[in-house]
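Encoded as structure tokens, the structure appears first; notes follow it.
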Amino acid sequence: MTTPVDILALDRSDLKEWVAQSESAFRADQLWRWLWKHGERDLEQMTNIPASLRKRVASEGEIRALSLADQQTATDGTIKFLFALHSGRHVETVLIPDFDDDGSPSRMTVCVSSQVGCAMGCSFCATGLMGFQQNLTSGEIAEQVQWADRTSKETYGANVTNVVFMGMGEPLLNMEGVLGAVEKLTVEDGFGLGARRITVSTVGLATRIRELADLETRFGLAVSLHAPFNDKRSSIMPVNRKAKTDLDSLMASIEYYTRKTGRRITYEYCMFSGFNDSVEDARELAKLARKAPSKVNLIMYNPVEGLGFHRSEEDTLNRFISELVKANVTVTVRRSRGQDIDAACGQLAINQ
Ligand code: SF4
């Protein structure tokens, strides 16, 4: 028996090729629009698709849609989804609403997962504790956004405006899934989001960052720095222990990326009390940040039980910020969202 084709995982050119085996190529465009513009999963509803193609999709292919296993809403309006994949494993997705002073929705951000678990083993992260389990397909990633968008419209009357790849997994270890999802999310007759509204966040894999620069991708790139010294960074992020991904290689790849793309990079820096929040850390971070066009996003850590890290105090944070500002570094602070439902950064983990 042949393995069914995973229709949602196909990129546009593969879908065209597959459809063209039995139908005119424009039928692929129609099918694509149903799937990625309208979010339709029921073949019967795809009224302009001939019965012969619908039959073929059902017999030779499979629409492996996500199914919702759980949904929780935090007191600040953040919504966390638990999705079951075709494999039976689960991933989490978070919808983070921002509101204007008058209460109207201003920005709707979806944080998507690209892998089940993660191989990178950062010592402050609940996902890292799970180890790597599987990559998500481009369809499984893009569908998280479609699902969150429907919920956002129903709940807040507003569309999703931004997508961040900051959920479970290291996106650059799933390039096929991530780049395929970006295609589905950004093409005009797909989900139709501007590429600049998408940010991919990586632990800092130097070779992959160079690859992205060469591919001239248009989405934003964020790099998790979390410590400005090699020894400190290695102690919490195993990726830094290898010469080809330590701080020196990483910084060289970032300089290459920013030169080649003309875009600035965002450094994510999670503040851990007594570990990486001293004036000396701030000064070293400023030196790194000035090597290439960038901004620094300081994250207030959401403690994960048993991992032994704590959030920095407010006055330590303020001192840290003023050192960066003194050095002309652009800095923003990300406060926790959805903490009461464990939806905040670094808190995503599931018992599979
Ligand atoms: S912080 Fe990111 S890269 Fe590190 S273990 Fe967690 S999910 Fe993986």
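By convention in this document, the chains of the structure tokens carry letters A, B, ... by their order, each chain's residues are numbered from 1, and ligands are numbered from 1 in the order they are shown.
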_When DSSP is applied to the backbone of this structure, which of region 62-250 of chain A are assigned strand (DSSP E or B)? Write them out as a ChimeraX atom specification._
/A:62,67-73,79-84,90-99,105-111,115-117,132-135,162-165,198-202,220-224
Residues of the last selection are to be written out with N, CA and C atoms, as a short mmCIF file (atom, residue, chain, number, x, y, z; two decimals), in the first residue's frame.
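That gives us selection17.cif:
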data_model
loop_
_atom_site.label_atom_id
_atom_site.label_comp_id
_atom_site.auth_asym_id
_atom_site.auth_seq_id
_atom_site.Cartn_x
_atom_site.Cartn_y
_atom_site.Cartn_z
N GLU A 62 -4.21 12.74 2.20
CA GLU A 62 -4.81 12.83 3.53
C GLU A 62 -4.71 14.29 3.98
N SER A 67 -6.06 18.79 15.65
CA SER A 67 -7.31 18.80 16.42
C SER A 67 -7.04 19.40 17.79
N LEU A 68 -8.02 20.18 18.23
CA LEU A 68 -7.85 20.91 19.48
C LEU A 68 -8.08 19.97 20.66
N ALA A 69 -7.06 19.85 21.52
CA ALA A 69 -7.20 18.96 22.68
C ALA A 69 -7.55 19.74 23.94
N ASP A 70 -7.16 21.02 23.97
CA ASP A 70 -7.47 21.82 25.15
C ASP A 70 -7.26 23.30 24.82
N GLN A 71 -7.95 24.15 25.54
CA GLN A 71 -7.80 25.59 25.35
C GLN A 71 -8.02 26.28 26.69
N GLN A 72 -7.11 27.19 27.06
CA GLN A 72 -7.26 27.90 28.33
C GLN A 72 -7.06 29.39 28.11
N THR A 73 -7.78 30.20 28.87
CA THR A 73 -7.62 31.65 28.76
C THR A 73 -7.10 32.21 30.08
N ILE A 79 -4.49 33.35 25.28
CA ILE A 79 -5.16 32.05 25.10
C ILE A 79 -4.11 31.01 24.71
N LYS A 80 -4.11 29.89 25.43
CA LYS A 80 -3.17 28.82 25.10
C LYS A 80 -3.95 27.64 24.52
N PHE A 81 -3.47 27.15 23.36
CA PHE A 81 -4.11 26.00 22.71
C PHE A 81 -3.21 24.79 22.85
N LEU A 82 -3.82 23.65 23.04
CA LEU A 82 -3.07 22.39 22.99
C LEU A 82 -3.62 21.63 21.78
N PHE A 83 -2.75 21.37 20.80
CA PHE A 83 -3.19 20.68 19.59
C PHE A 83 -2.63 19.27 19.53
N ALA A 84 -3.46 18.34 19.06
CA ALA A 84 -2.97 16.99 18.79
C ALA A 84 -2.57 16.93 17.32
N HIS A 90 1.54 16.12 20.95
CA HIS A 90 0.86 17.40 21.14
C HIS A 90 1.83 18.58 21.08
N VAL A 91 1.31 19.73 20.66
CA VAL A 91 2.08 20.97 20.73
C VAL A 91 1.21 22.07 21.29
N GLU A 92 1.87 23.13 21.75
CA GLU A 92 1.14 24.27 22.27
C GLU A 92 1.36 25.51 21.39
N THR A 93 0.33 26.33 21.37
CA THR A 93 0.34 27.58 20.60
C THR A 93 -0.26 28.63 21.52
N VAL A 94 0.24 29.86 21.45
CA VAL A 94 -0.29 30.89 22.35
C VAL A 94 -0.72 32.12 21.55
N LEU A 95 -1.92 32.60 21.82
CA LEU A 95 -2.41 33.85 21.21
C LEU A 95 -2.30 34.94 22.26
N ILE A 96 -1.54 35.98 21.92
CA ILE A 96 -1.27 37.05 22.89
C ILE A 96 -1.91 38.35 22.39
N PRO A 97 -3.03 38.77 23.00
CA PRO A 97 -3.69 40.00 22.54
C PRO A 97 -3.12 41.24 23.24
N ASP A 98 -2.99 42.31 22.49
CA ASP A 98 -2.63 43.61 23.09
C ASP A 98 -3.78 44.56 22.82
N PHE A 99 -4.06 45.39 23.81
CA PHE A 99 -5.21 46.29 23.67
C PHE A 99 -4.78 47.74 23.83
N PRO A 105 -8.73 46.07 20.50
CA PRO A 105 -7.54 45.27 20.22
C PRO A 105 -6.57 46.00 19.28
N SER A 106 -5.28 45.99 19.61
CA SER A 106 -4.32 46.68 18.77
C SER A 106 -3.43 45.70 18.01
N ARG A 107 -2.97 44.70 18.69
CA ARG A 107 -2.03 43.77 18.07
C ARG A 107 -2.35 42.37 18.56
N MET A 108 -2.43 41.43 17.64
CA MET A 108 -2.73 40.04 18.01
C MET A 108 -1.56 39.18 17.56
N THR A 109 -0.81 38.67 18.51
CA THR A 109 0.39 37.91 18.16
C THR A 109 0.17 36.43 18.44
N VAL A 110 0.57 35.59 17.50
CA VAL A 110 0.51 34.14 17.75
C VAL A 110 1.93 33.63 17.90
N CYS A 111 2.15 32.88 18.96
CA CYS A 111 3.45 32.24 19.17
C CYS A 111 3.28 30.77 18.79
N GLN A 115 8.53 22.39 16.58
CA GLN A 115 8.92 21.00 16.86
C GLN A 115 8.16 20.54 18.11
N VAL A 116 8.06 19.23 18.28
CA VAL A 116 7.58 18.71 19.57
C VAL A 116 8.83 18.50 20.39
N GLY A 117 8.90 19.18 21.54
CA GLY A 117 10.11 19.12 22.35
C GLY A 117 11.23 19.90 21.67
N PHE A 132 14.09 16.19 22.10
CA PHE A 132 13.47 16.34 20.79
C PHE A 132 12.56 15.15 20.48
N GLN A 133 11.36 15.41 19.97
CA GLN A 133 10.48 14.31 19.62
C GLN A 133 10.11 14.26 18.13
N GLN A 134 9.77 15.39 17.55
CA GLN A 134 9.53 15.39 16.09
C GLN A 134 9.46 16.81 15.54
N ASN A 135 9.72 16.91 14.23
CA ASN A 135 9.51 18.17 13.53
C ASN A 135 8.05 18.29 13.14
N ASN A 162 0.55 39.41 13.96
CA ASN A 162 1.97 39.06 14.03
C ASN A 162 2.15 37.59 14.40
N VAL A 163 3.21 36.99 13.87
CA VAL A 163 3.51 35.60 14.19
C VAL A 163 4.96 35.53 14.69
N VAL A 164 5.15 34.86 15.80
CA VAL A 164 6.53 34.65 16.29
C VAL A 164 6.78 33.15 16.44
N PHE A 165 7.92 32.71 15.95
CA PHE A 165 8.31 31.31 16.12
C PHE A 165 9.10 31.22 17.42
N ILE A 198 6.44 38.56 10.67
CA ILE A 198 6.82 37.24 11.20
C ILE A 198 8.23 37.33 11.76
N THR A 199 8.43 36.77 12.95
CA THR A 199 9.77 36.73 13.54
C THR A 199 10.12 35.30 13.89
N VAL A 200 11.27 34.86 13.40
CA VAL A 200 11.75 33.53 13.73
C VAL A 200 12.84 33.68 14.79
N SER A 201 12.69 32.96 15.87
CA SER A 201 13.63 33.11 16.98
C SER A 201 14.49 31.86 17.10
N THR A 202 15.80 32.05 17.08
CA THR A 202 16.70 30.90 17.13
C THR A 202 17.64 30.98 18.33
N GLY A 220 11.63 38.60 10.13
CA GLY A 220 12.59 39.07 11.12
C GLY A 220 13.29 37.91 11.81
N LEU A 221 14.51 38.16 12.26
CA LEU A 221 15.25 37.12 12.95
C LEU A 221 15.61 37.60 14.36
N ALA A 222 15.33 36.74 15.33
CA ALA A 222 15.69 37.05 16.72
C ALA A 222 16.64 35.95 17.21
N VAL A 223 17.65 36.35 17.94
CA VAL A 223 18.64 35.38 18.43
C VAL A 223 18.63 35.41 19.95
N SER A 224 18.52 34.23 20.56
CA SER A 224 18.54 34.15 22.02
C SER A 224 19.97 34.21 22.51
#
*Collect all residues with atoms no farther than 8 Å from ligand 1, counting only C-alpha atoms and all ligand atoms, and output them as a PyMOL selection string.*
chain A and resi 117-129+166-170+202-203+224+237+346
Produce a file of the selected residues containing N, CA and C atoms, as a PDB file, in the first residue's frame.
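Listed below is the output, result_11.pdb:
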ATOM      1  N   GLY A 117       8.900  19.181  21.538  1.00  0.00           N
ATOM      2  CA  GLY A 117      10.113  19.124  22.346  1.00  0.00           C
ATOM      3  C   GLY A 117      11.228  19.904  21.675  1.00  0.00           C
ATOM      4  N   CYS A 118      12.443  19.745  22.164  1.00  0.00           N
ATOM      5  CA  CYS A 118      13.575  20.477  21.588  1.00  0.00           C
ATOM      6  C   CYS A 118      14.865  19.790  21.991  1.00  0.00           C
ATOM      7  N   ALA A 119      15.803  19.735  21.047  1.00  0.00           N
ATOM      8  CA  ALA A 119      17.064  19.035  21.302  1.00  0.00           C
ATOM      9  C   ALA A 119      18.107  19.927  21.963  1.00  0.00           C
ATOM     10  N   MET A 120      17.815  21.233  22.082  1.00  0.00           N
ATOM     11  CA  MET A 120      18.886  22.152  22.456  1.00  0.00           C
ATOM     12  C   MET A 120      19.198  22.178  23.958  1.00  0.00           C
ATOM     13  N   GLY A 121      18.273  21.715  24.766  1.00  0.00           N
ATOM     14  CA  GLY A 121      18.546  21.516  26.193  1.00  0.00           C
ATOM     15  C   GLY A 121      18.954  22.728  27.006  1.00  0.00           C
ATOM     16  N   CYS A 122      18.435  23.904  26.681  1.00  0.00           N
ATOM     17  CA  CYS A 122      18.749  25.087  27.499  1.00  0.00           C
ATOM     18  C   CYS A 122      18.252  24.835  28.929  1.00  0.00           C
ATOM     19  N   SER A 123      19.093  25.175  29.911  1.00  0.00           N
ATOM     20  CA  SER A 123      18.795  24.693  31.256  1.00  0.00           C
ATOM     21  C   SER A 123      17.684  25.456  31.973  1.00  0.00           C
ATOM     22  N   PHE A 124      17.206  26.560  31.381  1.00  0.00           N
ATOM     23  CA  PHE A 124      16.154  27.345  32.028  1.00  0.00           C
ATOM     24  C   PHE A 124      14.786  27.085  31.411  1.00  0.00           C
ATOM     25  N   CYS A 125      14.721  26.133  30.451  1.00  0.00           N
ATOM     26  CA  CYS A 125      13.522  26.021  29.602  1.00  0.00           C
ATOM     27  C   CYS A 125      12.805  24.687  29.801  1.00  0.00           C
ATOM     28  N   ALA A 126      11.497  24.771  30.013  1.00  0.00           N
ATOM     29  CA  ALA A 126      10.705  23.563  30.248  1.00  0.00           C
ATOM     30  C   ALA A 126      10.652  22.682  28.998  1.00  0.00           C
ATOM     31  N   THR A 127      10.619  23.298  27.802  1.00  0.00           N
ATOM     32  CA  THR A 127      10.562  22.501  26.567  1.00  0.00           C
ATOM     33  C   THR A 127      11.831  21.674  26.413  1.00  0.00           C
ATOM     34  N   GLY A 128      12.978  22.284  26.773  1.00  0.00           N
ATOM     35  CA  GLY A 128      14.258  21.589  26.652  1.00  0.00           C
ATOM     36  C   GLY A 128      14.286  20.296  27.456  1.00  0.00           C
ATOM     37  N   LEU A 129      13.546  20.284  28.564  1.00  0.00           N
ATOM     38  CA  LEU A 129      13.516  19.084  29.419  1.00  0.00           C
ATOM     39  C   LEU A 129      12.867  17.892  28.713  1.00  0.00           C
ATOM     40  N   MET A 166       8.375  31.254  18.528  1.00  0.00           N
ATOM     41  CA  MET A 166       9.032  31.251  19.835  1.00  0.00           C
ATOM     42  C   MET A 166       8.388  30.221  20.754  1.00  0.00           C
ATOM     43  N   GLY A 167       7.591  29.322  20.171  1.00  0.00           N
ATOM     44  CA  GLY A 167       6.979  28.274  20.982  1.00  0.00           C
ATOM     45  C   GLY A 167       7.953  27.124  21.160  1.00  0.00           C
ATOM     46  N   MET A 168       7.433  25.916  21.134  1.00  0.00           N
ATOM     47  CA  MET A 168       8.317  24.767  21.357  1.00  0.00           C
ATOM     48  C   MET A 168       9.224  24.540  20.150  1.00  0.00           C
ATOM     49  N   GLY A 169      10.489  24.229  20.432  1.00  0.00           N
ATOM     50  CA  GLY A 169      11.395  23.804  19.369  1.00  0.00           C
ATOM     51  C   GLY A 169      12.369  24.858  18.892  1.00  0.00           C
ATOM     52  N   GLU A 170      13.372  24.409  18.164  1.00  0.00           N
ATOM     53  CA  GLU A 170      14.355  25.299  17.537  1.00  0.00           C
ATOM     54  C   GLU A 170      14.011  25.370  16.038  1.00  0.00           C
ATOM     55  N   THR A 202      15.796  32.046  17.085  1.00  0.00           N
ATOM     56  CA  THR A 202      16.701  30.901  17.135  1.00  0.00           C
ATOM     57  C   THR A 202      17.642  30.983  18.332  1.00  0.00           C
ATOM     58  N   VAL A 203      18.095  29.815  18.732  1.00  0.00           N
ATOM     59  CA  VAL A 203      19.069  29.717  19.801  1.00  0.00           C
ATOM     60  C   VAL A 203      20.430  30.245  19.306  1.00  0.00           C
ATOM     61  N   SER A 224      18.520  34.229  20.556  1.00  0.00           N
ATOM     62  CA  SER A 224      18.540  34.150  22.021  1.00  0.00           C
ATOM     63  C   SER A 224      19.974  34.212  22.506  1.00  0.00           C
ATOM     64  N   MET A 237      23.380  27.190  28.024  1.00  0.00           N
ATOM     65  CA  MET A 237      22.962  26.827  26.656  1.00  0.00           C
ATOM     66  C   MET A 237      24.017  25.914  26.044  1.00  0.00           C
ATOM     67  N   GLY A 346       9.254  29.958  27.691  1.00  0.00           N
ATOM     68  CA  GLY A 346      10.039  28.971  28.436  1.00  0.00           C
ATOM     69  C   GLY A 346       9.192  28.046  29.294  1.00  0.00           C
TER      70      GLY A 346
END
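Atom pair CA of Ala206 (chain A) / CA of Met251 (chain A): separated by 8.1 Å.
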*Tell me which protein, DNA and RNA residues are within 7 Å of region 324-337 of chain A, counting only C-alpha atoms, leaving out same-chain ones fewer than 6 positions away, and put them as a ChimeraX atom specification.*
/A:78,282-283,286,289,295-300,302,344
Under the rule of at most 9 Å, produce a per-residue listing of region 177-213 of chain A near region 20-37 of chain A: chain, number, name, the closest pair of atoms, and the distance in Å, as CSV, using only C-alpha atoms.
residue,atom,partner,partner_atom,distance
A:Lys184,CA,A:Trp36,CA,6.3
A:Leu185,CA,A:Trp36,CA,7.7
A:Glu188,CA,A:Lys37,CA,8.3
A:Asp189,CA,A:Lys37,CA,5.7
A:Gly190,CA,A:Lys37,CA,4.3
A:Phe191,CA,A:Lys37,CA,5.0
A:Gly192,CA,A:Lys37,CA,7.5
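Atom pair CA of Thr261 (chain A) / CA of Thr137 (chain A): separated by 26.6 Å.
You can rank A:Thr2, A:Asn230, A:Thr258, A:Asn174 by their closest distance to Lys242 (chain A) using only C-alpha atoms, and at the top of that list sits A:Asn230.
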*From region 138-245 of chain A, collect each residue whose DSSP state is alpha helix (DSSP H) and return the set as an MDAnalysis selection string.*
chainID A and resid 138:156 175:186 206:215 230:236
_Please compute the CA of Lys16 (chain A)-CA of Arg150 (chain A) distance, one decimal, in Å._
27.1 Å
*Tell me which protein, DNA and RNA residues are within 12 Å of region 277-279 of chain A, counting only C-alpha atoms, leaving out same-chain ones fewer than 5 positions away, and put them as a count of residues only.*
31
*Would you please work out which residue, of A:Pro303, A:Gly131, A:Gly139, A:Pro50, is nearest to His86 (chain A) when using only C-alpha atoms?*
A:Gly139
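Nearest residue to Leu212 (chain A), choosing from A:Val187, A:Gly308, A:Ser253, A:Gly177 and counting only C-alpha atoms: A:Ser253.
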*Could you pull the residues within 8 Å of Leu8 (chain A), counting only C-alpha atoms, minus those fewer than 6 positions along the same chain, as JSON, numbers by chain?*
{"A": [35, 63, 64, 65, 138, 139, 140]}
For the residues selected in the previous step, produce a file with C-alpha atoms as a compact mmCIF listing (two decimals), in the first residue's frame.
# COMPACT_ATOMS: atom_id res chain seq x y z
CA LEU A 35 -6.70 25.34 2.20
CA ILE A 63 -5.75 16.16 5.10
CA ARG A 64 -3.91 15.88 8.41
CA ALA A 65 -5.61 18.73 10.24
CA SER A 138 4.74 23.34 7.25
CA GLY A 139 1.01 22.62 7.32
CA GLU A 140 0.99 21.89 11.05
